[in-house]
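Reproduced below: upload-v1.txt, with compact mmCIF, C-alpha atoms and all ligand atoms.
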```txt
# COMPACT_ATOMS: atom_id res chain seq x y z
CA MET A 772 -37.88 -11.89 -28.43
CA ALA A 773 -35.59 -10.16 -25.87
CA HIS A 774 -32.57 -12.15 -24.76
CA PRO A 775 -32.52 -12.86 -21.01
CA GLU A 776 -29.72 -11.17 -19.04
CA PRO A 777 -26.82 -13.61 -18.43
CA THR A 778 -26.62 -14.94 -14.88
CA TYR A 779 -23.65 -14.25 -12.63
CA LYS A 780 -22.51 -17.87 -13.16
CA GLN A 781 -22.61 -17.48 -16.94
CA LEU A 782 -20.65 -14.21 -16.73
CA LEU A 783 -18.02 -15.88 -14.55
CA GLU A 784 -17.58 -18.60 -17.16
CA LYS A 785 -16.95 -15.89 -19.78
CA VAL A 786 -14.61 -13.80 -17.67
CA LYS A 787 -11.51 -14.62 -19.73
CA GLU A 788 -13.34 -13.41 -22.85
CA ASN A 789 -14.52 -10.16 -21.32
CA LEU A 790 -11.67 -8.89 -19.12
CA ALA A 791 -8.22 -7.84 -20.29
CA PRO A 792 -5.84 -10.72 -19.57
CA SER A 793 -3.23 -8.22 -18.32
CA LEU A 794 -5.39 -8.03 -15.21
CA ALA A 795 -7.52 -11.12 -15.10
CA GLU A 796 -4.89 -13.72 -14.19
CA ASP A 797 -4.51 -12.46 -10.65
CA TRP A 798 -5.04 -14.90 -7.80
CA PRO A 799 -7.61 -16.22 -6.72
CA GLU A 800 -10.51 -14.44 -8.46
CA LEU A 801 -13.09 -15.18 -5.76
CA PRO A 802 -16.67 -14.71 -6.92
CA ALA A 803 -17.68 -12.46 -4.01
CA VAL A 804 -21.32 -11.39 -3.87
CA ARG A 805 -21.36 -9.63 -0.51
CA ALA A 806 -18.91 -8.49 2.13
CA GLU A 807 -19.27 -7.31 5.69
CA GLY A 808 -16.70 -6.61 8.39
CA ILE A 809 -13.80 -8.99 7.94
CA TYR A 810 -15.80 -11.48 5.86
CA LEU A 811 -16.36 -12.06 2.16
CA TYR A 812 -19.36 -14.12 1.05
CA THR A 813 -19.08 -15.93 -2.27
CA GLU A 814 -21.46 -16.90 -5.01
CA ASP A 815 -21.15 -20.57 -3.97
CA GLY A 816 -22.07 -19.89 -0.32
CA ARG A 817 -18.66 -19.63 1.35
CA LYS A 818 -17.81 -17.24 4.20
CA ILE A 819 -14.14 -16.26 3.98
CA MET A 820 -11.95 -14.28 6.38
CA ASP A 821 -10.56 -11.45 4.27
CA PHE A 822 -6.96 -10.82 5.34
CA THR A 823 -6.35 -8.75 2.21
CA SER A 824 -8.80 -5.87 2.80
CA GLY A 825 -8.88 -5.45 -0.97
CA ILE A 826 -5.10 -4.82 -0.77
CA GLY A 827 -5.16 -2.42 2.14
CA VAL A 828 -8.29 -0.49 1.25
CA THR A 829 -11.19 -1.56 3.47
CA ASN A 830 -9.24 -0.89 6.65
CA LEU A 831 -12.43 -0.44 8.69
CA GLY A 832 -13.91 -3.68 7.37
CA HIS A 833 -16.25 -4.11 4.45
CA ASN A 834 -19.39 -1.98 4.40
CA HIS A 835 -18.74 -0.16 7.66
CA PRO A 836 -22.24 1.18 8.43
CA LYS A 837 -21.10 4.72 9.28
CA VAL A 838 -19.03 5.05 6.12
CA LEU A 839 -21.81 3.55 4.04
CA ASN A 840 -24.39 5.93 5.52
CA ALA A 841 -22.24 8.98 4.91
CA ALA A 842 -21.83 7.93 1.28
CA ILE A 843 -25.56 7.27 0.82
CA GLU A 844 -26.53 10.62 2.35
CA GLN A 845 -24.14 12.43 0.00
CA MET A 846 -25.37 10.40 -2.97
CA LYS A 847 -28.88 11.72 -2.33
CA LYS A 848 -27.54 15.29 -2.68
CA PHE A 849 -25.26 14.86 -5.72
CA SER A 850 -22.57 12.47 -6.84
CA HIS A 851 -20.23 14.50 -9.03
CA SER A 852 -19.05 18.03 -9.36
CA ALA A 853 -15.69 18.72 -10.96
CA VAL A 854 -13.58 20.54 -8.42
CA GLY A 855 -12.77 23.96 -9.84
CA ILE A 856 -16.17 24.36 -11.46
CA THR A 857 -17.95 23.82 -8.16
CA LEU A 858 -16.68 23.35 -4.62
CA HIS A 859 -18.61 20.98 -2.42
CA GLU A 860 -18.89 20.77 1.33
CA PRO A 861 -17.47 17.24 1.84
CA LEU A 862 -14.24 18.27 0.09
CA LEU A 863 -13.94 21.47 2.12
CA ARG A 864 -14.66 19.63 5.37
CA LEU A 865 -12.14 16.91 4.54
CA THR A 866 -9.38 19.49 4.06
CA GLU A 867 -10.09 20.69 7.61
CA ILE A 868 -10.08 17.18 9.13
CA LEU A 869 -7.15 15.49 7.41
CA PRO A 870 -4.32 17.84 8.49
CA LYS A 871 -5.14 16.94 12.12
CA VAL A 872 -4.16 13.32 11.49
CA MET A 873 -1.46 13.80 8.85
CA PRO A 874 2.24 13.93 9.72
CA GLU A 875 3.31 17.40 10.80
CA GLY A 876 3.15 20.02 8.06
CA MET A 877 1.15 17.89 5.61
CA GLU A 878 -1.67 20.36 5.27
CA MET A 879 -2.53 21.09 1.63
CA PHE A 880 -4.13 18.59 -0.72
CA PHE A 881 -4.54 17.79 -4.39
CA PHE A 882 -7.25 15.13 -4.54
CA GLY A 883 -7.21 12.40 -7.19
CA ASN A 884 -8.75 8.95 -7.55
CA SER A 885 -6.03 6.33 -7.29
CA GLY A 886 -2.66 5.70 -5.71
CA SER A 887 -0.93 5.97 -9.08
CA GLU A 888 -2.43 9.40 -9.60
CA ALA A 889 -1.26 10.54 -6.18
CA VAL A 890 2.27 9.42 -7.09
CA GLU A 891 2.06 11.15 -10.50
CA GLY A 892 1.03 14.32 -8.69
CA ALA A 893 3.93 14.02 -6.25
CA ILE A 894 6.51 13.56 -9.01
CA LYS A 895 5.08 16.37 -11.14
CA MET A 896 4.90 18.70 -8.18
CA ALA A 897 8.48 17.92 -7.07
CA ARG A 898 9.87 18.66 -10.53
CA TYR A 899 7.74 21.78 -10.88
CA VAL A 900 8.63 23.39 -7.57
CA THR A 901 12.34 22.47 -7.53
CA GLU A 902 12.89 22.98 -11.27
CA ARG A 903 15.16 19.93 -11.12
CA PRO A 904 14.78 16.79 -13.24
CA GLY A 905 16.07 13.84 -11.18
CA ILE A 906 13.96 11.40 -9.16
CA ILE A 907 15.53 8.69 -7.01
CA ALA A 908 13.37 5.65 -6.27
CA PHE A 909 14.25 2.23 -4.82
CA THR A 910 14.71 -1.31 -6.01
CA GLY A 911 11.66 -3.36 -5.05
CA SER A 912 9.38 -0.32 -5.11
CA PHE A 913 5.80 -0.28 -6.33
CA HIS A 914 4.18 3.05 -7.08
CA GLY A 915 1.47 2.14 -9.59
CA ARG A 916 0.84 1.42 -13.26
CA THR A 917 0.43 4.78 -15.00
CA TYR A 918 3.49 5.95 -16.95
CA GLY A 919 5.06 8.17 -14.31
CA ALA A 920 4.29 5.65 -11.56
CA ILE A 921 5.62 2.63 -13.48
CA SER A 922 8.76 4.61 -14.36
CA VAL A 923 9.63 4.75 -10.64
CA THR A 924 8.52 1.15 -9.98
CA SER A 925 10.98 -1.75 -9.94
CA VAL A 926 9.41 -4.58 -7.97
CA LYS A 927 9.28 -6.88 -11.01
CA SER A 928 10.78 -6.45 -14.46
CA LYS A 929 7.56 -8.03 -15.78
CA TYR A 930 5.66 -4.88 -14.81
CA ARG A 931 8.07 -2.79 -16.92
CA SER A 932 8.55 -5.18 -19.82
CA HIS A 933 7.50 -3.85 -23.28
CA TYR A 934 6.77 -0.35 -21.97
CA GLU A 935 10.05 1.42 -22.60
CA PRO A 936 10.91 4.21 -22.96
CA PHE A 937 9.90 5.36 -19.48
CA VAL A 938 9.73 8.84 -18.05
CA PRO A 939 13.39 9.91 -18.04
CA GLY A 940 15.46 11.12 -15.08
CA VAL A 941 14.71 8.20 -12.74
CA TYR A 942 17.50 6.45 -10.81
CA PHE A 943 17.16 3.44 -8.51
CA ALA A 944 18.95 3.07 -5.18
CA ASP A 945 18.75 0.02 -2.88
CA PHE A 946 16.11 -0.19 -0.16
CA ALA A 947 17.30 -1.05 3.36
CA ASN A 948 16.33 -4.68 3.78
CA PRO A 949 18.00 -6.34 6.78
CA PHE A 950 16.84 -9.80 5.64
CA ARG A 951 18.58 -9.53 2.28
CA CYS A 952 21.53 -7.19 2.60
CA PRO A 953 24.68 -8.14 0.63
CA ILE A 954 27.13 -6.90 3.30
CA GLY A 955 25.65 -8.43 6.45
CA ASN A 956 22.40 -9.03 8.25
CA THR A 957 22.33 -6.31 10.88
CA ALA A 958 20.10 -3.24 10.68
CA GLU A 959 23.24 -1.11 10.50
CA ASP A 960 24.55 -3.05 7.48
CA ALA A 961 21.25 -2.60 5.67
CA VAL A 962 21.14 1.14 6.38
CA ASN A 963 24.76 1.70 5.33
CA TRP A 964 24.33 -0.29 2.13
CA ALA A 965 21.15 1.57 1.15
CA LEU A 966 22.34 5.08 1.98
CA GLU A 967 25.64 4.47 0.20
CA SER A 968 23.69 3.43 -2.89
CA VAL A 969 22.03 6.86 -2.86
CA GLU A 970 25.43 8.56 -2.61
CA LYS A 971 26.62 6.37 -5.48
CA ILE A 972 23.86 7.82 -7.69
CA PHE A 973 25.05 11.35 -6.85
CA ASN A 974 28.67 10.41 -7.59
CA TYR A 975 28.19 8.42 -10.79
CA TYR A 976 24.88 9.33 -12.43
CA ILE A 977 23.40 12.70 -11.45
CA PRO A 978 24.71 15.39 -9.10
CA ALA A 979 22.61 15.87 -5.96
CA GLU A 980 21.76 19.45 -6.90
CA GLN A 981 19.93 18.19 -10.00
CA VAL A 982 17.75 15.77 -8.02
CA ALA A 983 14.20 16.97 -7.34
CA ALA A 984 13.07 14.19 -5.03
CA ILE A 985 13.76 10.92 -3.30
CA LEU A 986 10.60 8.83 -3.51
CA VAL A 987 10.22 5.99 -1.02
CA GLU A 988 7.60 3.72 0.52
CA PRO A 989 8.42 3.96 4.25
CA ILE A 990 7.43 0.27 4.42
CA GLN A 991 7.77 -1.45 1.06
CA GLY A 992 4.40 -2.94 0.15
CA GLU A 993 4.35 -5.02 -3.04
CA GLY A 994 8.11 -5.47 -2.58
CA GLY A 995 7.39 -7.81 0.35
CA TYR A 996 6.29 -5.79 3.40
CA ILE A 997 9.88 -4.84 4.10
CA VAL A 998 10.23 -2.77 7.26
CA PRO A 999 13.44 -0.75 7.09
CA PRO A 1000 15.38 0.27 10.20
CA PRO A 1001 14.24 3.82 11.17
CA GLU A 1002 17.80 5.06 10.55
CA PHE A 1003 17.29 4.47 6.82
CA LEU A 1004 14.43 6.96 6.61
CA GLN A 1005 16.23 9.33 8.98
CA GLY A 1006 19.30 9.08 6.73
CA LEU A 1007 17.22 9.91 3.65
CA ARG A 1008 15.80 12.93 5.48
CA GLU A 1009 19.35 14.12 6.24
CA ILE A 1010 20.50 13.63 2.64
CA CYS A 1011 17.47 15.58 1.39
CA ASP A 1012 18.08 18.44 3.86
CA GLN A 1013 21.73 18.58 2.89
CA HIS A 1014 21.04 18.92 -0.85
CA GLY A 1015 17.67 20.70 -1.03
CA ILE A 1016 15.98 17.52 -2.30
CA LEU A 1017 12.32 16.82 -1.49
CA LEU A 1018 11.50 13.62 0.40
CA ILE A 1019 8.34 11.97 -0.94
CA PHE A 1020 6.67 9.24 1.10
CA ASP A 1021 4.39 6.95 -0.86
CA GLU A 1022 1.99 5.91 1.90
CA VAL A 1023 -0.64 4.56 -0.45
CA GLN A 1024 -0.43 1.13 1.20
CA SER A 1025 1.11 1.92 4.61
CA GLY A 1026 -1.29 4.79 5.35
CA PHE A 1027 -4.57 5.13 7.17
CA GLY A 1028 -3.76 3.11 10.25
CA ARG A 1029 -2.10 0.12 8.63
CA SER A 1030 1.25 0.57 10.42
CA GLY A 1031 -0.33 1.19 13.84
CA GLU A 1032 -0.20 4.98 13.52
CA MET A 1033 -2.27 6.89 10.99
CA PHE A 1034 0.85 7.01 8.78
CA ALA A 1035 4.18 5.17 8.79
CA ALA A 1036 5.90 8.59 8.82
CA GLN A 1037 4.58 8.87 12.38
CA THR A 1038 5.54 5.28 13.21
CA PHE A 1039 9.15 6.09 12.23
CA GLY A 1040 9.13 9.74 13.36
CA VAL A 1041 10.43 11.01 10.00
CA ARG A 1042 8.94 14.05 8.25
CA PRO A 1043 8.35 13.92 4.47
CA ASP A 1044 7.95 17.00 2.24
CA ILE A 1045 5.33 15.45 -0.02
CA MET A 1046 3.08 12.44 0.44
CA ALA A 1047 1.00 10.21 -1.80
CA ILE A 1048 -2.02 8.75 0.01
CA ALA A 1049 -4.96 6.65 -1.21
CA LYS A 1050 -6.34 3.13 -0.54
CA GLY A 1051 -7.72 3.32 3.06
CA ILE A 1052 -8.61 7.01 2.83
CA ALA A 1053 -12.30 6.36 2.07
CA ASN A 1054 -12.56 2.65 2.93
CA GLY A 1055 -13.31 1.55 -0.62
CA PHE A 1056 -14.51 4.67 -2.40
CA PRO A 1057 -11.94 5.86 -4.96
CA LEU A 1058 -10.02 8.81 -3.56
CA SER A 1059 -6.38 9.76 -3.26
CA ALA A 1060 -4.28 12.82 -2.58
CA THR A 1061 -0.93 14.39 -3.18
CA VAL A 1062 -0.17 16.24 0.03
CA SER A 1063 2.44 18.81 1.05
CA ASN A 1064 3.07 21.84 3.19
CA ARG A 1065 1.57 25.23 2.28
CA LYS A 1066 4.85 26.82 1.24
CA LEU A 1067 5.68 24.14 -1.32
CA MET A 1068 2.12 23.59 -2.54
CA LYS A 1069 1.66 27.30 -3.11
CA SER A 1070 4.48 27.29 -5.64
CA TRP A 1071 2.60 24.69 -7.74
CA SER A 1072 0.79 27.35 -9.70
CA ALA A 1073 -2.80 27.49 -10.92
CA GLY A 1074 -3.60 25.24 -13.86
CA SER A 1075 -0.37 23.25 -13.72
CA HIS A 1076 -2.19 20.05 -12.65
CA GLY A 1077 -5.85 19.05 -12.76
CA THR A 1078 -8.53 16.35 -12.63
CA THR A 1079 -12.15 15.62 -13.54
CA PHE A 1080 -13.11 12.99 -10.99
CA GLY A 1081 -10.59 13.73 -8.21
CA GLY A 1082 -12.18 14.72 -4.90
CA ASN A 1083 -15.49 13.06 -5.70
CA PRO A 1084 -18.17 14.19 -3.19
CA ILE A 1085 -19.29 10.64 -2.25
CA ALA A 1086 -15.70 9.55 -1.67
CA CYS A 1087 -14.97 12.71 0.36
CA ALA A 1088 -18.08 12.15 2.52
CA ALA A 1089 -16.92 8.56 3.10
CA ALA A 1090 -13.41 9.80 3.97
CA ILE A 1091 -14.83 12.14 6.62
CA ALA A 1092 -16.76 9.22 8.15
CA VAL A 1093 -13.59 7.10 8.06
CA GLN A 1094 -11.87 9.64 10.29
CA GLN A 1095 -14.81 9.68 12.71
CA VAL A 1096 -14.70 5.89 12.98
CA PHE A 1097 -10.93 5.90 13.58
CA LYS A 1098 -11.54 8.10 16.62
CA GLU A 1099 -14.76 6.57 17.96
CA GLU A 1100 -13.62 2.96 17.68
CA ASN A 1101 -9.98 3.34 18.82
CA ILE A 1102 -8.85 1.77 15.59
CA LEU A 1103 -5.14 2.60 15.98
CA GLU A 1104 -4.97 1.04 19.44
CA ASN A 1105 -6.68 -2.10 18.16
CA THR A 1106 -4.29 -2.24 15.20
CA ARG A 1107 -1.22 -2.15 17.43
CA LYS A 1108 -2.66 -4.69 19.88
CA MET A 1109 -3.87 -7.16 17.24
CA GLY A 1110 -0.68 -6.66 15.23
CA ASN A 1111 1.43 -7.67 18.23
CA ILE A 1112 -0.69 -10.75 18.91
CA PHE A 1113 -0.59 -11.79 15.26
CA ILE A 1114 3.16 -11.31 14.86
CA GLU A 1115 3.83 -13.19 18.11
CA GLY A 1116 1.61 -16.04 16.86
CA LEU A 1117 3.47 -16.17 13.54
CA LYS A 1118 6.80 -16.24 15.36
CA GLN A 1119 5.57 -19.21 17.40
CA ILE A 1120 4.57 -20.96 14.17
CA GLN A 1121 7.99 -20.11 12.68
CA LYS A 1122 9.87 -21.98 15.44
CA GLY A 1123 11.71 -25.03 14.08
CA LYS A 1124 10.66 -24.30 10.46
CA ASP A 1125 13.68 -23.16 8.49
CA PHE A 1126 11.56 -22.47 5.40
CA ILE A 1127 9.91 -19.54 7.22
CA GLY A 1128 12.85 -17.22 6.67
CA ASP A 1129 11.39 -14.11 8.25
CA VAL A 1130 8.34 -12.85 10.09
CA ARG A 1131 8.04 -9.07 10.07
CA GLY A 1132 5.67 -6.14 10.07
CA LYS A 1133 4.30 -3.04 11.74
CA GLY A 1134 0.76 -2.76 13.03
CA LEU A 1135 -1.37 -4.98 10.81
CA MET A 1136 0.96 -4.83 7.82
CA ILE A 1137 2.51 -8.24 8.41
CA ALA A 1138 4.43 -10.75 6.32
CA MET A 1139 6.00 -14.17 6.42
CA GLU A 1140 8.81 -14.80 3.91
CA ILE A 1141 9.03 -18.37 2.58
CA VAL A 1142 12.48 -19.54 1.49
CA LYS A 1143 14.40 -22.67 0.61
CA PRO A 1144 16.49 -23.53 3.65
CA ASP A 1145 19.80 -22.82 1.89
CA ARG A 1146 22.46 -20.20 2.57
CA TRP A 1147 21.09 -17.87 -0.12
CA LYS A 1148 17.59 -17.82 1.40
CA THR A 1149 16.33 -18.69 -2.08
CA PRO A 1150 12.73 -17.48 -2.41
CA ASP A 1151 10.22 -20.35 -2.48
CA ALA A 1152 7.16 -18.93 -4.19
CA GLU A 1153 5.76 -22.39 -4.91
CA LYS A 1154 5.59 -23.25 -1.22
CA ALA A 1155 4.18 -19.82 -0.37
CA MET A 1156 1.42 -20.36 -2.93
CA ALA A 1157 0.71 -23.85 -1.58
CA ILE A 1158 0.28 -22.38 1.92
CA LEU A 1159 -1.98 -19.63 0.56
CA ASN A 1160 -4.09 -22.19 -1.29
CA HIS A 1161 -4.49 -24.42 1.77
CA ALA A 1162 -5.43 -21.40 3.87
CA LEU A 1163 -8.03 -20.36 1.32
CA GLU A 1164 -9.49 -23.88 1.21
CA ASN A 1165 -9.99 -23.33 4.95
CA ASN A 1166 -11.56 -19.93 4.36
CA LEU A 1167 -8.66 -17.64 5.16
CA LEU A 1168 -7.77 -15.29 2.32
CA ALA A 1169 -4.28 -13.76 2.42
CA TYR A 1170 -2.12 -12.52 -0.44
CA MET A 1171 1.38 -12.78 -1.87
CA ALA A 1172 4.06 -10.10 -2.31
CA GLY A 1173 7.73 -9.78 -3.23
CA ARG A 1174 9.52 -10.01 -6.55
CA THR A 1175 8.90 -13.75 -6.88
CA GLY A 1176 5.70 -13.93 -4.83
CA ASN A 1177 7.35 -15.85 -1.95
CA VAL A 1178 6.16 -13.44 0.73
CA ILE A 1179 2.79 -14.14 2.32
CA ARG A 1180 1.27 -10.86 3.44
CA PHE A 1181 -1.53 -10.34 5.88
CA ILE A 1182 -3.61 -7.19 5.57
CA PRO A 1183 -6.64 -7.82 7.80
CA PRO A 1184 -9.17 -5.07 8.42
CA LEU A 1185 -8.01 -3.02 11.42
CA ILE A 1186 -11.22 -3.91 13.26
CA VAL A 1187 -10.18 -7.57 13.51
CA ASN A 1188 -10.48 -9.03 17.04
CA GLU A 1189 -8.35 -11.46 19.04
CA HIS A 1190 -10.64 -14.41 18.41
CA GLU A 1191 -10.40 -13.85 14.65
CA ILE A 1192 -6.62 -13.45 14.79
CA ASN A 1193 -6.34 -16.74 16.69
CA GLN A 1194 -8.65 -18.42 14.20
CA ALA A 1195 -6.44 -17.20 11.33
CA LEU A 1196 -3.31 -18.44 13.12
CA GLU A 1197 -4.88 -21.88 13.59
CA ILE A 1198 -5.78 -22.10 9.89
CA LEU A 1199 -2.26 -21.05 8.96
CA GLU A 1200 -0.63 -23.56 11.24
CA VAL A 1201 -2.67 -26.37 9.70
CA SER A 1202 -2.01 -25.07 6.17
CA ILE A 1203 1.73 -24.90 6.77
CA ALA A 1204 1.75 -28.40 8.25
CA LYS A 1205 0.00 -29.74 5.12
CA THR A 1206 2.50 -28.28 2.62
C1 LIG B 1 2.72 1.91 -2.31
C2 LIG B 1 1.78 1.99 -3.47
N1 LIG B 1 1.78 3.06 -4.26
C3 LIG B 1 0.95 3.18 -5.29
C4 LIG B 1 0.05 2.18 -5.60
C5 LIG B 1 -0.86 2.33 -6.80
O1 LIG B 1 -2.16 2.53 -6.38
P1 LIG B 1 -3.38 2.31 -7.41
O2 LIG B 1 -3.42 0.86 -7.72
O3 LIG B 1 -4.57 2.80 -6.63
O4 LIG B 1 -3.10 3.15 -8.59
C6 LIG B 1 -0.01 1.04 -4.81
C7 LIG B 1 -0.94 -0.05 -5.10
O5 LIG B 1 -0.88 -1.13 -4.62
C8 LIG B 1 0.89 0.93 -3.70
O6 LIG B 1 0.89 -0.14 -2.91
```
Any chance you could put this one into structure tokens?
Ligand SMILES: Cc1ncc(COP(=O)(O)O)c(C=O)c1O
Amino acid sequence: MAHPEPTYKQLLEKVKENLAPSLAEDWPELPAVRAEGIYLYTEDGRKIMDFTSGIGVTNLGHNHPKVLNAAIEQMKKFSHSAVGITLHEPLLRLTEILPKVMPEGMEMFFFGNSGSEAVEGAIKMARYVTERPGIIAFTGSFHGRTYGAISVTSVKSKYRSHYEPFVPGVYFADFANPFRCPIGNTAEDAVNWALESVEKIFNYYIPAEQVAAILVEPIQGEGGYIVPPPEFLQGLREICDQHGILLIFDEVQSGFGRSGEMFAAQTFGVRPDIMAIAKGIANGFPLSATVSNRKLMKSWSAGSHGTTFGGNPIACAAAIAVQQVFKEENILENTRKMGNIFIEGLKQIQKGKDFIGDVRGKGLMIAMEIVKPDRWKTPDAEKAMAILNHALENNLLAYMAGRTGNVIRFIPPLIVNEHEINQALEILEVSIAKT
């Protein structure tokens, strides 16, 4: 007699037996069965405001009908063709569309599947074209989990533990964080401290002329949604120009509208040489890219990097639709407007509460840092988690960030409206009052 298929409920009960524990202990493991717009619907009948967007992926909301349709139409034609063996129309069209919205000069693409892969591509390309070994990354960075990507990641030692030795030639400088700068709390202090830490690497560890690239998230994501003063990124640009170093922006999380412009490079007005992009590119279909200008890309010679799944036709068709929706629905304008309302609301909530150390963000990449009210601004991850839990009980899903998890980050879909923002603020206010 055939065994009946296990039900969803039975599978959920067995999850710890079936999924690698390295992944499965993430919070809060909601049993979602359906999602639409800004809402997630769970197995037990709840409707939850999703202010995570699957960690910055479904920027146009879940199941956007135009993106979905584009994917379905492509699926009816074919769903895989390894780029290089065949060349499909969605990929070719996407390479025409994307340069129009990318930061200036970002015009040639190597398509992959994930953010980590885009970062791997950027590092490999930088070493290949400069013929230099060194890579400078930043404390608090997150660039992914594959070996190259984890080698330039330093947000938590836990992510690196037991994996040594890493890819060699990586040096860490300090990110410009005005909220936690050792020499003072002005933007200028933070910029000076961070840029000097880059110079220190040149003086003590590796000469500038042996450094291939400086790799930076223009807004640190997993590190705690840290928005640096623009002078930090401008300073990195100057250092790179001075020494023939390539500036790589990892915009895997800050890209595709999140910061209020299509990319944070445009928000800050700083030009990178190479970019890593992913997450929001196809609103949920796996796609990423390493991007650069033609001159540099053309020196990355044939056969020196490759992929089987990268540039998948369904994902490319979805990515084309994503760009249409950005234009037709004025997504960037909505992002800036809703971002301002949300941040203002959070600042109102912050008043008189010394445990809300900082409210910060750009566009709809927004965070609230929870601290103990002492002179060290000691991170209070326990309180942050209590607030997140209360909010979730009231059907608002947000997420944590930062080394200790004391930063509450809000990543709502960019289609969120004022009513929904106000609703989220009300839930938060109540949740904070209860903790
Ligand atoms: C800035 C940044 N880079 C790279 C990655 C890695 O992307 P993926 O998880 O798709 O490999 C992430 C993921 O959160 C990220 O935020």
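The space between atom CA of Val1041 of chain A and atom CA of Ile1019 of chain A spans 11.2 Å.
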Problem - Test item: residues lying within 10 Å of ligand LIG 1 (chain B) with only C-alpha atoms and all ligand atoms, as a ChimeraX atom specification - result: /A:825-828,883-891,912-917,920-921,924,987-994,1020-1026,1047-1050,1057-1059
Handout entry: Residue contacts of Gly1132 of chain A (12 Å, only C-alpha atoms) excluding same-chain residues fewer than 2 positions away, as a PyMOL selection string
Key = chain A and resi 989-992+995-1000+1025+1029-1031+1035+1038+1106-1107+1109-1115+1117-1118+1129-1130+1134-1140+1178-1182
Exercise for the section: Can you work out the spacing between atom CA of Val941 of chain A and atom CA of Thr1078 of chain A in Å, to one decimal? Expected result: 24.6 Å
Completion exercise
atom CA of Pro953 of chain A sits from atom CA of Ile1141 of chain A at a separation of 18.8 Å
Handout entry: Test item: residues at most 9 Å from Cys1011 of chain A, only C-alpha atoms, excluding those fewer than 6 positions along its chain, as an NGL selection string
Key = :A and (979 or 984-985 or 1017-1018)
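Among A:Leu858, A:Ala1060, A:Ala1169, A:Ala897, the residue with the shortest atom-to-atom distance to Phe880 of chain A, counting all atoms listed in the file, is A:Ala1060.
Of the listed residues A:Leu1167, A:Ile856, A:Cys1087, A:Ala947, the one whose atoms come nearest to Glu1191 of chain A is A:Leu1167, with distances taken using only C-alpha atoms.
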Got a minute to add N, CA, C and O atoms to segment 1192-1201 of chain A and dump it as an mmCIF file, in the frame of the given file?
```
data_model
loop_
_atom_site.group_PDB
_atom_site.id
_atom_site.type_symbol
_atom_site.label_atom_id
_atom_site.label_comp_id
_atom_site.auth_asym_id
_atom_site.auth_seq_id
_atom_site.Cartn_x
_atom_site.Cartn_y
_atom_site.Cartn_z
ATOM 1 N N ILE A 1192 -8.073 -13.293 15.023
ATOM 2 C CA ILE A 1192 -6.620 -13.450 14.790
ATOM 3 C C ILE A 1192 -6.208 -14.880 15.145
ATOM 4 O O ILE A 1192 -5.469 -15.534 14.389
ATOM 5 N N ASN A 1193 -6.703 -15.380 16.280
ATOM 6 C CA ASN A 1193 -6.340 -16.740 16.690
ATOM 7 C C ASN A 1193 -6.857 -17.779 15.699
ATOM 8 O O ASN A 1193 -6.180 -18.765 15.399
ATOM 9 N N GLN A 1194 -8.066 -17.510 15.199
ATOM 10 C CA GLN A 1194 -8.650 -18.420 14.200
ATOM 11 C C GLN A 1194 -7.743 -18.453 12.942
ATOM 12 O O GLN A 1194 -7.452 -19.524 12.406
ATOM 13 N N ALA A 1195 -7.303 -17.279 12.515
ATOM 14 C CA ALA A 1195 -6.440 -17.200 11.330
ATOM 15 C C ALA A 1195 -5.120 -17.936 11.592
ATOM 16 O O ALA A 1195 -4.620 -18.667 10.724
ATOM 17 N N LEU A 1196 -4.580 -17.763 12.787
ATOM 18 C CA LEU A 1196 -3.310 -18.440 13.120
ATOM 19 C C LEU A 1196 -3.482 -19.959 13.084
ATOM 20 O O LEU A 1196 -2.611 -20.682 12.592
ATOM 21 N N GLU A 1197 -4.626 -20.430 13.597
ATOM 22 C CA GLU A 1197 -4.880 -21.880 13.590
ATOM 23 C C GLU A 1197 -4.951 -22.406 12.151
ATOM 24 O O GLU A 1197 -4.361 -23.438 11.813
ATOM 25 N N ILE A 1198 -5.668 -21.685 11.302
ATOM 26 C CA ILE A 1198 -5.780 -22.100 9.890
ATOM 27 C C ILE A 1198 -4.398 -22.136 9.243
ATOM 28 O O ILE A 1198 -4.038 -23.071 8.527
ATOM 29 N N LEU A 1199 -3.606 -21.115 9.548
ATOM 30 C CA LEU A 1199 -2.260 -21.050 8.960
ATOM 31 C C LEU A 1199 -1.390 -22.204 9.407
ATOM 32 O O LEU A 1199 -0.676 -22.818 8.611
ATOM 33 N N GLU A 1200 -1.471 -22.479 10.705
ATOM 34 C CA GLU A 1200 -0.630 -23.560 11.240
ATOM 35 C C GLU A 1200 -0.951 -24.875 10.541
ATOM 36 O O GLU A 1200 -0.048 -25.607 10.119
ATOM 37 N N VAL A 1201 -2.240 -25.141 10.380
ATOM 38 C CA VAL A 1201 -2.670 -26.370 9.700
ATOM 39 C C VAL A 1201 -2.197 -26.344 8.238
ATOM 40 O O VAL A 1201 -1.682 -27.324 7.712
#
```
